[in-house]
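Q: You'll find run36.cif just under this line, and it carries mmCIF, C-alpha atoms.
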```cif
data_entry
loop_
_atom_site.label_atom_id
_atom_site.label_comp_id
_atom_site.auth_asym_id
_atom_site.auth_seq_id
_atom_site.Cartn_x
_atom_site.Cartn_y
_atom_site.Cartn_z
CA MET E 1 64.02 35.41 152.93
CA ARG E 2 67.76 35.99 152.75
CA ARG E 3 67.58 38.60 155.45
CA HIS E 4 65.59 36.37 157.78
CA ALA E 5 67.97 33.50 157.26
CA ALA E 6 70.89 35.74 158.23
CA ALA E 7 69.07 37.25 161.19
CA SER E 8 68.11 33.88 162.60
CA GLY E 9 71.72 32.74 162.55
CA HIS E 10 71.44 30.27 159.66
CA THR E 11 74.51 30.42 157.52
CA GLY E 12 73.36 29.95 153.90
CA SER E 13 75.84 30.17 151.05
CA ILE E 14 78.88 32.45 151.17
CA ARG E 15 77.19 34.64 148.58
CA ASP E 16 74.12 35.00 150.79
CA GLN E 17 76.27 35.83 153.77
CA VAL E 18 78.12 38.52 151.84
CA ILE E 19 74.83 40.06 150.70
CA ALA E 20 73.50 40.01 154.28
CA PHE E 21 76.74 41.62 155.49
CA LYS E 22 76.53 44.39 152.88
CA ARG E 23 72.87 45.07 153.69
CA GLU E 24 73.77 45.29 157.36
CA GLN E 25 76.54 47.85 156.71
CA ILE E 26 74.12 50.00 154.72
CA ILE E 27 71.51 49.84 157.49
CA LEU E 28 74.09 50.73 160.15
CA ALA E 29 75.25 53.78 158.18
CA ALA E 30 71.66 54.84 157.46
CA VAL E 31 70.40 54.50 161.04
CA ASP E 32 73.36 56.50 162.28
CA LEU E 33 72.78 59.34 159.81
CA PHE E 34 68.97 59.35 160.25
CA PHE E 35 69.41 59.42 164.03
CA THR E 36 71.96 62.22 164.05
CA ASN E 37 70.75 64.46 161.23
CA GLY E 38 67.16 63.38 160.58
CA TYR E 39 65.67 61.35 157.72
CA GLN E 40 64.74 64.25 155.44
CA GLN E 41 68.14 65.87 155.91
CA THR E 42 70.00 62.68 154.90
CA THR E 43 70.67 61.80 151.27
CA LEU E 44 71.53 58.37 149.89
CA ASP E 45 74.76 60.01 148.66
CA GLU E 46 75.71 60.59 152.28
CA VAL E 47 74.89 56.99 153.19
CA ALA E 48 77.09 55.84 150.28
CA GLY E 49 79.81 58.30 151.30
CA ARG E 50 79.86 56.91 154.84
CA LEU E 51 80.61 53.46 153.40
CA ASN E 52 82.94 54.63 150.65
CA VAL E 53 80.70 53.05 148.02
CA THR E 54 78.68 54.40 145.10
CA LYS E 55 74.94 55.06 145.11
CA PRO E 56 74.22 52.13 142.73
CA PHE E 57 75.70 49.87 145.41
CA ILE E 58 72.95 51.04 147.78
CA TYR E 59 70.27 50.67 145.08
CA TYR E 60 71.34 47.09 144.47
CA HIS E 61 70.29 46.27 148.05
CA PHE E 62 67.49 48.78 148.74
CA LYS E 63 64.85 50.17 146.38
CA ASP E 64 65.08 53.68 147.83
CA LYS E 65 65.59 55.69 151.02
CA GLU E 66 62.15 54.75 152.32
CA ALA E 67 63.04 51.04 152.07
CA LEU E 68 65.87 51.76 154.51
CA LEU E 69 63.57 53.63 156.90
CA SER E 70 61.09 50.78 156.63
CA GLU E 71 63.69 48.13 157.54
CA ILE E 72 64.91 50.27 160.48
CA SER E 73 61.36 50.81 161.78
CA GLN E 74 60.42 47.14 161.60
CA ARG E 75 63.59 46.15 163.38
CA ALA E 76 62.97 48.57 166.27
CA VAL E 77 59.67 46.98 167.27
CA ARG E 78 60.61 43.40 166.31
CA GLU E 79 63.46 43.19 168.82
CA ALA E 80 61.31 44.55 171.67
CA ASN E 81 58.46 42.15 170.84
CA GLU E 82 60.80 39.18 170.78
CA ALA E 83 62.30 40.10 174.17
CA LEU E 84 58.80 40.39 175.62
CA LYS E 85 57.53 37.14 174.08
CA THR E 86 60.50 35.20 175.46
CA ALA E 87 59.86 36.61 178.94
CA ILE E 88 56.16 35.77 178.85
CA GLU E 89 56.82 32.20 177.79
CA ALA E 90 59.61 31.74 180.36
CA PRO E 91 59.07 29.66 183.51
CA GLY E 92 58.66 31.37 186.91
CA THR E 93 56.13 33.53 188.72
CA PRO E 94 54.58 36.60 187.01
CA THR E 95 56.73 38.76 189.32
CA GLU E 96 59.95 37.05 188.22
CA ARG E 97 58.93 37.16 184.58
CA LEU E 98 57.94 40.84 184.64
CA HIS E 99 61.24 41.65 186.31
CA TRP E 100 63.16 39.76 183.68
CA ALA E 101 61.01 41.15 180.85
CA VAL E 102 61.59 44.78 181.85
CA LYS E 103 65.31 44.19 182.35
CA THR E 104 65.56 42.56 178.91
CA LEU E 105 63.38 45.21 177.28
CA MET E 106 65.44 48.04 178.74
CA LYS E 107 68.61 46.48 177.37
CA ALA E 108 66.93 46.07 173.97
CA VAL E 109 65.73 49.69 173.98
CA ILE E 110 69.22 50.90 174.86
CA GLU E 111 70.93 48.68 172.28
CA GLN E 112 68.34 49.55 169.62
CA GLN E 113 68.14 53.21 170.65
CA ARG E 114 68.85 54.61 167.19
CA TYR E 115 66.35 52.29 165.48
CA THR E 116 63.59 53.10 167.97
CA ALA E 117 64.27 56.85 167.90
CA VAL E 118 64.30 56.91 164.09
CA PHE E 119 61.01 54.98 163.89
CA PHE E 120 59.14 57.19 166.37
CA ARG E 121 60.50 60.43 164.95
CA GLU E 122 60.16 59.58 161.28
CA GLN E 123 56.92 57.57 161.23
CA LYS E 124 55.22 60.28 159.14
CA ASN E 125 57.72 59.61 156.37
CA LEU E 126 56.57 56.01 156.00
CA SER E 127 53.81 55.08 153.60
CA GLU E 128 50.59 53.68 155.08
CA GLU E 129 51.52 50.17 153.82
CA VAL E 130 54.73 50.18 155.83
CA ARG E 131 53.47 52.15 158.82
CA GLY E 132 50.40 49.94 159.32
CA PRO E 133 52.26 46.68 160.05
CA VAL E 134 54.75 48.45 162.35
CA TYR E 135 51.92 50.01 164.34
CA ALA E 136 50.27 46.58 164.51
CA GLN E 137 53.51 45.10 165.88
CA HIS E 138 53.55 47.87 168.46
CA ARG E 139 50.00 47.15 169.58
CA GLU E 140 50.99 43.47 169.81
CA TYR E 141 53.71 44.53 172.24
CA ASP E 142 51.19 46.27 174.51
CA LYS E 143 48.91 43.21 174.33
CA LEU E 144 51.74 40.90 175.41
CA LEU E 145 52.39 43.14 178.39
CA VAL E 146 48.68 43.15 179.33
CA THR E 147 48.67 39.33 179.22
CA LEU E 148 51.54 39.17 181.70
CA LEU E 149 49.92 41.79 183.96
CA ASN E 150 46.61 39.88 183.98
CA GLU E 151 48.44 36.70 184.97
CA GLY E 152 50.03 38.51 187.90
CA ILE E 153 46.65 39.90 188.99
CA ALA E 154 45.05 36.43 188.75
CA LYS E 155 47.80 34.97 190.94
CA GLY E 156 47.39 37.75 193.50
CA GLU E 157 50.92 39.08 192.95
CA PHE E 158 50.03 42.38 191.24
CA THR E 159 47.66 45.17 192.32
CA ILE E 160 46.65 47.08 189.20
CA ALA E 161 43.59 49.29 188.74
CA ASP E 162 43.59 49.09 184.91
CA PRO E 163 45.97 46.64 183.16
CA HIS E 164 45.79 48.47 179.82
CA VAL E 165 46.73 51.85 181.23
CA CYS E 166 49.37 50.13 183.37
CA ALA E 167 50.89 48.46 180.29
CA LEU E 168 51.04 51.81 178.49
CA GLY E 169 52.65 53.36 181.56
CA LEU E 170 55.28 50.62 181.81
CA SER E 171 55.86 50.79 178.11
CA GLY E 172 56.53 54.54 178.35
CA MET E 173 58.66 54.14 181.48
CA THR E 174 61.03 51.77 179.71
CA GLY E 175 60.71 52.80 176.06
CA TRP E 176 61.31 56.49 176.70
CA ALA E 177 64.96 55.65 177.31
CA TYR E 178 65.37 55.86 173.53
CA ASN E 179 65.13 59.60 174.07
CA TRP E 180 67.27 60.14 177.18
CA TYR E 181 69.85 57.35 177.18
CA ARG E 182 73.43 58.52 176.53
CA PRO E 183 76.20 55.95 176.02
CA ASP E 184 78.54 58.26 178.00
CA GLY E 185 76.00 58.83 180.81
CA ARG E 186 76.41 58.36 184.57
CA LEU E 187 75.23 54.74 184.77
CA PRO E 188 75.99 51.67 182.63
CA ALA E 189 73.11 50.09 180.68
CA ASP E 190 72.96 47.08 183.01
CA THR E 191 72.46 49.24 186.10
CA ILE E 192 69.76 51.33 184.42
CA SER E 193 67.98 48.14 183.30
CA ALA E 194 68.08 46.65 186.81
CA LEU E 195 66.77 49.89 188.37
CA MET E 196 63.88 50.09 185.89
CA ALA E 197 62.97 46.43 186.42
CA GLU E 198 62.77 47.02 190.19
CA MET E 199 60.67 50.16 189.63
CA ALA E 200 58.30 48.24 187.37
CA LEU E 201 57.63 45.72 190.15
CA ARG E 202 56.74 48.58 192.49
CA THR E 203 54.50 50.10 189.83
CA VAL E 204 52.40 46.92 189.59
CA GLY E 205 52.14 46.77 193.38
CA VAL E 206 54.32 43.75 194.18
CA ASP E 207 54.98 43.30 197.92
CA PRO E 208 58.29 45.07 198.84
CA LYS E 209 59.68 41.93 200.52
CA LYS E 210 59.03 39.92 197.36
CA ILE E 211 60.69 42.65 195.27
CA LYS E 212 63.80 42.45 197.43
CA ALA E 213 63.96 38.67 197.04
CA VAL E 214 63.47 38.75 193.24
CA VAL E 215 66.02 41.55 192.78
CA ALA E 216 68.59 39.75 194.94
CA ALA E 217 68.05 36.44 193.11
CA SER E 218 68.37 38.18 189.74
CA ALA E 219 71.58 40.02 190.74
CA ALA E 220 73.10 36.75 192.01
CA ARG E 221 72.48 35.01 188.68
CA MET B 1 56.27 90.39 174.57
CA ARG B 2 52.85 90.67 172.94
CA ARG B 3 52.46 86.92 173.01
CA HIS B 4 53.39 86.65 176.67
CA ALA B 5 50.96 89.37 177.64
CA ALA B 6 48.18 87.46 175.90
CA ALA B 7 49.20 84.15 177.40
CA SER B 8 49.30 85.51 180.94
CA GLY B 9 45.74 86.81 180.62
CA HIS B 10 46.60 90.54 180.44
CA THR B 11 44.34 92.27 178.00
CA GLY B 12 46.47 94.94 176.28
CA SER B 13 45.03 97.05 173.45
CA ILE B 14 42.42 95.67 171.07
CA ARG B 15 45.07 95.71 168.35
CA ASP B 16 47.39 93.53 170.48
CA GLN B 17 44.57 91.14 171.24
CA VAL B 18 43.72 90.79 167.56
CA ILE B 19 47.37 90.10 166.72
CA ALA B 20 47.57 87.49 169.49
CA PHE B 21 44.35 85.91 168.23
CA LYS B 22 45.68 85.71 164.66
CA ARG B 23 48.99 84.23 165.80
CA GLU B 24 47.08 81.63 167.79
CA GLN B 25 44.96 80.61 164.78
CA ILE B 26 48.10 80.16 162.68
CA ILE B 27 49.75 78.04 165.38
CA LEU B 28 46.64 75.87 165.76
CA ALA B 29 46.48 75.21 162.01
CA ALA B 30 50.24 74.52 161.85
CA VAL B 31 50.36 72.13 164.81
CA ASP B 32 47.42 70.22 163.38
CA LEU B 33 49.05 69.83 159.96
CA PHE B 34 52.53 69.05 161.36
CA PHE B 35 51.00 66.44 163.69
CA THR B 36 48.92 64.74 161.01
CA ASN B 37 51.17 64.95 157.95
CA GLY B 38 54.63 65.73 159.35
CA TYR B 39 56.64 68.98 159.28
CA GLN B 40 58.54 68.38 156.05
CA GLN B 41 55.39 67.31 154.25
CA THR B 42 53.53 70.50 155.24
CA THR B 43 53.87 73.72 153.25
CA LEU B 44 53.01 77.23 154.45
CA ASP B 45 50.52 77.30 151.57
CA GLU B 46 48.64 74.49 153.27
CA VAL B 47 48.69 76.33 156.61
CA ALA B 48 47.32 79.41 154.85
CA GLY B 49 44.74 77.29 153.01
CA ARG B 50 43.49 75.83 156.29
CA LEU B 51 42.77 79.38 157.50
CA ASN B 52 41.51 80.76 154.19
CA VAL B 53 44.22 83.40 154.23
CA THR B 54 47.16 84.25 151.96
CA LYS B 55 50.79 83.30 152.62
CA PRO B 56 51.80 86.96 153.27
CA PHE B 57 49.32 86.89 156.17
CA ILE B 58 51.38 84.10 157.74
CA TYR B 59 54.68 85.89 157.00
CA TYR B 60 53.40 88.99 158.77
CA HIS B 61 53.24 86.96 162.01
CA PHE B 62 56.02 84.36 161.56
CA LYS B 63 59.38 84.68 159.79
CA ASP B 64 59.16 81.21 158.26
CA LYS B 65 57.98 77.63 158.80
CA GLU B 66 60.75 76.99 161.32
CA ALA B 67 59.54 79.90 163.47
CA LEU B 68 56.22 78.06 163.74
CA LEU B 69 57.93 74.79 164.70
CA SER B 70 60.01 76.70 167.22
CA GLU B 71 56.94 78.27 168.89
CA ILE B 72 55.19 74.87 169.00
CA SER B 73 58.24 73.15 170.52
CA GLN B 74 58.71 75.78 173.21
CA ARG B 75 55.07 75.64 174.14
CA ALA B 76 55.10 71.84 174.55
CA VAL B 77 57.74 71.90 177.29
CA ARG B 78 56.67 75.22 178.85
CA GLU B 79 53.22 73.99 179.81
CA ALA B 80 54.57 70.80 181.38
CA ASN B 81 57.22 72.73 183.34
CA GLU B 82 54.65 75.16 184.67
CA ALA B 83 52.36 72.36 185.83
CA LEU B 84 55.28 70.71 187.61
CA LYS B 85 56.54 73.94 189.22
CA THR B 86 53.08 74.72 190.60
CA ALA B 87 52.82 71.26 192.12
CA ILE B 88 56.26 71.47 193.72
CA GLU B 89 55.50 74.82 195.30
CA ALA B 90 52.03 73.72 196.51
CA PRO B 91 51.39 72.94 200.18
CA GLY B 92 50.98 69.33 201.35
CA THR B 93 53.11 66.21 201.78
CA PRO B 94 55.45 65.03 198.99
CA THR B 95 53.00 62.15 198.39
CA GLU B 96 50.06 64.52 197.92
CA ARG B 97 52.11 66.83 195.72
CA LEU B 98 53.50 64.05 193.51
CA HIS B 99 49.97 62.71 193.09
CA TRP B 100 48.70 66.11 192.09
CA ALA B 101 51.74 66.82 189.91
CA VAL B 102 51.35 63.62 187.88
CA LYS B 103 47.60 64.15 187.51
CA THR B 104 48.16 67.71 186.29
CA LEU B 105 51.04 66.71 184.04
CA MET B 106 49.02 63.92 182.42
CA LYS B 107 46.24 66.36 181.66
CA ALA B 108 48.77 68.80 180.21
CA VAL B 109 50.37 66.06 178.07
CA ILE B 110 46.95 65.02 176.78
CA GLU B 111 45.83 68.60 176.09
CA GLN B 112 49.17 69.49 174.50
CA GLN B 113 49.49 66.13 172.71
CA ARG B 114 50.03 67.63 169.26
CA TYR B 115 52.61 70.14 170.47
CA THR B 116 54.60 67.51 172.36
CA ALA B 117 54.42 64.98 169.52
CA VAL B 118 55.53 67.55 166.96
CA PHE B 119 58.47 68.66 169.13
CA PHE B 120 59.78 65.15 169.80
CA ARG B 121 59.31 64.00 166.23
CA GLU B 122 60.60 67.09 164.47
CA GLN B 123 63.44 68.15 166.78
CA LYS B 124 66.00 67.47 164.04
CA ASN B 125 64.35 70.17 161.93
CA LEU B 126 65.12 72.86 164.52
CA SER B 127 68.33 74.84 164.40
CA GLU B 128 70.77 74.46 167.30
CA GLU B 129 69.82 77.91 168.61
CA VAL B 130 66.19 76.90 168.99
CA ARG B 131 66.74 73.28 169.97
CA GLY B 132 69.23 74.13 172.73
CA PRO B 133 66.85 76.18 174.92
CA VAL B 134 64.03 73.63 174.48
CA TYR B 135 66.32 70.80 175.55
CA ALA B 136 67.41 72.94 178.52
CA GLN B 137 63.75 73.42 179.50
CA HIS B 138 63.29 69.68 179.26
CA ARG B 139 66.24 69.00 181.54
CA GLU B 140 64.79 71.58 183.95
CA TYR B 141 61.62 69.46 184.03
CA ASP B 142 63.55 66.35 185.06
CA LYS B 143 65.40 68.38 187.73
CA LEU B 144 62.12 69.62 189.20
CA LEU B 145 60.90 66.05 189.44
CA VAL B 146 64.14 64.93 191.14
CA THR B 147 63.71 67.74 193.73
CA LEU B 148 60.23 66.48 194.61
CA LEU B 149 61.42 62.87 194.78
CA ASN B 150 64.31 63.80 197.09
CA GLU B 151 61.89 65.60 199.40
CA GLY B 152 59.74 62.48 199.60
CA ILE B 153 62.79 60.33 200.37
CA ALA B 154 63.95 62.77 203.09
CA LYS B 155 60.50 62.62 204.73
CA GLY B 156 60.49 58.82 204.62
CA GLU B 157 57.47 58.69 202.29
CA PHE B 158 59.23 57.42 199.15
CA THR B 159 61.49 54.40 198.63
CA ILE B 160 63.61 55.06 195.55
CA ALA B 161 66.91 53.44 194.62
CA ASP B 162 68.02 56.22 192.24
CA PRO B 163 66.00 59.48 192.07
CA HIS B 164 67.38 60.45 188.64
CA VAL B 165 66.48 57.18 186.95
CA CYS B 166 63.14 57.24 188.78
CA ALA B 167 62.41 60.76 187.46
CA LEU B 168 63.21 59.63 183.91
CA GLY B 169 60.96 56.59 184.40
CA LEU B 170 58.05 58.70 185.67
CA SER B 171 58.63 61.22 182.95
CA GLY B 172 58.37 58.46 180.31
CA MET B 173 55.39 56.84 182.01
CA THR B 174 53.36 60.05 181.80
CA GLY B 175 54.87 61.79 178.78
CA TRP B 176 54.58 58.78 176.47
CA ALA B 177 50.83 59.43 176.37
CA TYR B 178 51.57 61.92 173.60
CA ASN B 179 52.11 58.86 171.44
CA TRP B 180 49.22 56.58 172.50
CA TYR B 181 46.44 58.89 173.66
CA ARG B 182 43.40 58.96 171.38
CA PRO B 183 40.59 61.49 171.98
CA ASP B 184 38.09 58.78 171.01
CA GLY B 185 39.73 56.10 173.19
CA ARG B 186 38.19 53.87 175.88
CA LEU B 187 38.79 56.17 178.88
CA PRO B 188 38.34 59.93 179.38
CA ALA B 189 41.45 62.05 180.03
CA ASP B 190 40.52 62.57 183.70
CA THR B 191 40.35 58.83 184.38
CA ILE B 192 43.67 58.18 182.64
CA SER B 193 45.30 61.00 184.62
CA ALA B 194 43.97 59.65 187.94
CA LEU B 195 45.15 56.11 187.11
CA MET B 196 48.65 57.33 186.19
CA ALA B 197 48.90 59.45 189.35
CA GLU B 198 48.05 56.41 191.49
CA MET B 199 50.58 54.29 189.56
CA ALA B 200 53.27 56.94 190.10
CA LEU B 201 52.77 56.72 193.88
CA ARG B 202 53.27 52.96 193.70
CA THR B 203 56.36 53.45 191.54
CA VAL B 204 58.04 55.61 194.22
CA GLY B 205 57.14 53.07 196.90
CA VAL B 206 54.47 54.93 198.89
CA ASP B 207 52.71 52.75 201.47
CA PRO B 208 49.52 51.26 199.88
CA LYS B 209 47.30 52.52 202.74
CA LYS B 210 48.60 56.05 202.22
CA ILE B 211 47.98 55.75 198.46
CA LYS B 212 44.36 54.79 199.13
CA ALA B 213 43.88 57.78 201.43
CA VAL B 214 45.47 60.29 199.01
CA VAL B 215 43.55 58.91 196.01
CA ALA B 216 40.24 59.02 197.94
CA ALA B 217 40.87 62.57 199.17
CA SER B 218 41.79 63.71 195.65
CA ALA B 219 38.67 62.11 194.10
CA ALA B 220 36.44 63.74 196.74
CA ARG B 221 37.79 67.22 195.92
#
```
Show this structure as structure tokens.
A:
Amino acid sequence: MRRHAAASGHTGSIRDQVIAFKREQIILAAVDLFFTNGYQQTTLDEVAGRLNVTKPFIYYHFKDKEALLSEISQRAVREANEALKTAIEAPGTPTERLHWAVKTLMKAVIEQQRYTAVFFREQKNLSEEVRGPVYAQHREYDKLLVTLLNEGIAKGEFTIADPHVCALGLSGMTGWAYNWYRPDGRLPADTISALMAEMALRTVGVDPKKIKAVVAASAAR
Amino acid sequence: MRRHAAASGHTGSIRDQVIAFKREQIILAAVDLFFTNGYQQTTLDEVAGRLNVTKPFIYYHFKDKEALLSEISQRAVREANEALKTAIEAPGTPTERLHWAVKTLMKAVIEQQRYTAVFFREQKNLSEEVRGPVYAQHREYDKLLVTLLNEGIAKGEFTIADPHVCALGLSGMTGWAYNWYRPDGRLPADTISALMAEMALRTVGVDPKKIKAVVAASAAR
């Protein structure tokens, strides 16, 4: 509960805030090491070393290394789901909402790159009890996308042969950035996100004139 | 060289063919175990057990477990590159060739699912010397796609804001199937490949009437 309170911005007691802060530092060090060197190649001693603390400090906050991987994996999908849910519930036409959803998702994927990469690479190191719920969250994500696509089809804005395959395609188009994005790359995250959002509208068959209008309105905001 | 001779369909001596056959059986068992249980969780004893052979049998053909992972990783990207190269060098308009390329790629991704999944998940277990060339092959793949996209732009068939980001988007759209494809899923591989190829043409902004014509011509073939 502590963690959720901290994540949702509630303050809690100073003690709770300190615990949440410490947990966060451990997760940041772990995700960085898992991402760069791999989960199996990383020891909790190295995580402790990164933070200049002892291993018992880590154990006070996390049962074991898998508990860290579990937290990282859950976070990767949670952020993407939340971005998508917000977009689906937002006002506006399906075209506007898909544009905004993909833009927001891309930014989330880029910001959460290390979490997403670690989850997809290291999923075989999670126990069934942890893996199951994360997979379920991931399927939820695809379902949310299908809902938005079906709305666009119903309103005559999208032309899609198969909404499920389309959702998987869009999901790959955006999500795959966890593998190729480089912070020191040619384009800033915002530009990449805007380009992908425009591409997504083409993919679902939105009229080019409408795409232009939505892209211009979004850039002006 | 033996392996390449076998892969390219040359027969060679019976002895060479038997060696190639044995190597192939070992790779098939390894990719299956790495895919299902993870690389670190799989021992060479288990690979040998799958084939009812002894561990020295494996060592006769592969130096160690990493040599198996290396072969699997190289194969994953090689097949995709070859499919893409063939499509780029084929006759026809850029629209027809992109359609065919994506269709062929999707089939390759689906057929090579285990190889691709193992490479992307287990890349941190490869030494720099092995990882480097596989990454280079992967960048080559994106370059090939950019070449085809630029041709389509030059001929006025494609509308693309940024060919590099578009190539990465298409690459994710198709390649991500290694993560979601299920042999017992709702749609057969051919249908999924055809749907993705049509979506890719929309993504690069091909005129809807032209898409219809290319899709119909391809289905009639």
Q: Which residues are near range 128-145 of chain E? Cut-off 8 Å, only C-alpha atoms, ignore same chain within fewer than 6 positions. Put them as a PyMOL selection string.
A: chain E and resi 70+73-74+77-78+80-81+84-85+88+164+167-168+171
Q: Starting from chain E, keep only residues with some atom at most 7 Å from an atom of chain B, counting all atoms listed in the file, and report them as a count of residues only.
A: 17
Q: Where's the centre, and what are the edge lengths in Å to one decimal, of a box along x, y and z enclosing all listed atoms of range 101-113 of chain B padded 5 Å per side, as lines of an AutoDock Vina configuration file?
A:
```
center_x = 48.8
center_y = 66.6
center_z = 181.3
size_x = 15.9
size_y = 15.9
size_z = 27.2
```
Q: Once the PyMOL selection byres ((chain E and resi 29-31) around 8) is applied to the coordinates I shared, what remains selected? I want it as JSON, numbers by chain.
A: {"E": [25, 26, 27, 28, 32, 33, 34, 35, 47, 50, 51, 68, 72, 114, 115, 118]}
Q: What's the separation between CA of Gln112 in chain E and CA of Ala76 in chain E, in Å to one decimal place?
A: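 Between CA of Gln112 in chain E and CA of Ala76 in chain E the gap is 6.4 Å.
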Q: Between CA of Glu46 in chain B and CA of Lys65 in chain B, what distance in Å does the model show, to one decimal?
A: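 Separation between CA of Glu46 in chain B and CA of Lys65 in chain B: 11.3 Å.
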Q: For His61 in chain E, which residue among E:Ser218, E:Ala83, E:Arg97, E:Ala20 is the nearest when counting all atoms listed in the file?
A: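 Of all the options, E:Ala20 lies closest to His61 in chain E.
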Q: What does the PyMOL selection byres ((chain B and resi 149) around 8) select in this file, as a compact mmCIF listing (two decimals) with C-alpha atoms, in the coordinates of the input?
A:
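Output (selection_13.txt):
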```
# COMPACT_ATOMS: atom_id res chain seq x y z
CA PRO B 94 55.45 65.03 198.99
CA LEU B 145 60.90 66.05 189.44
CA VAL B 146 64.14 64.93 191.14
CA THR B 147 63.71 67.74 193.73
CA LEU B 148 60.23 66.48 194.61
CA ASN B 150 64.31 63.80 197.09
CA GLU B 151 61.89 65.60 199.40
CA GLY B 152 59.74 62.48 199.60
CA ILE B 153 62.79 60.33 200.37
CA PHE B 158 59.23 57.42 199.15
CA PRO B 163 66.00 59.48 192.07
CA ALA B 167 62.41 60.76 187.46
```
Q: Under the rule that only C-alpha atoms are counted, which of B:Arg75, B:Thr54, B:Tyr59, B:Ala219 is the nearest residue to Thr116 in chain B?
A: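 Using only C-alpha atoms, Thr116 in chain B sits closest to B:Arg75.
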Q: What's the separation between CA of Ile211 in chain E and CA of Thr93 in chain E, in Å to one decimal place?
A: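 If I compute the distance from CA of Ile211 in chain E to CA of Thr93 in chain E, I get 12.1 Å.
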Q: Pro56 in chain B: which residues within 10 Å, counting only C-alpha atoms, same-chain residues fewer than 6 positions away excluded, as a VMD selection string?
A: chain B and resid 44 to 45 48 62
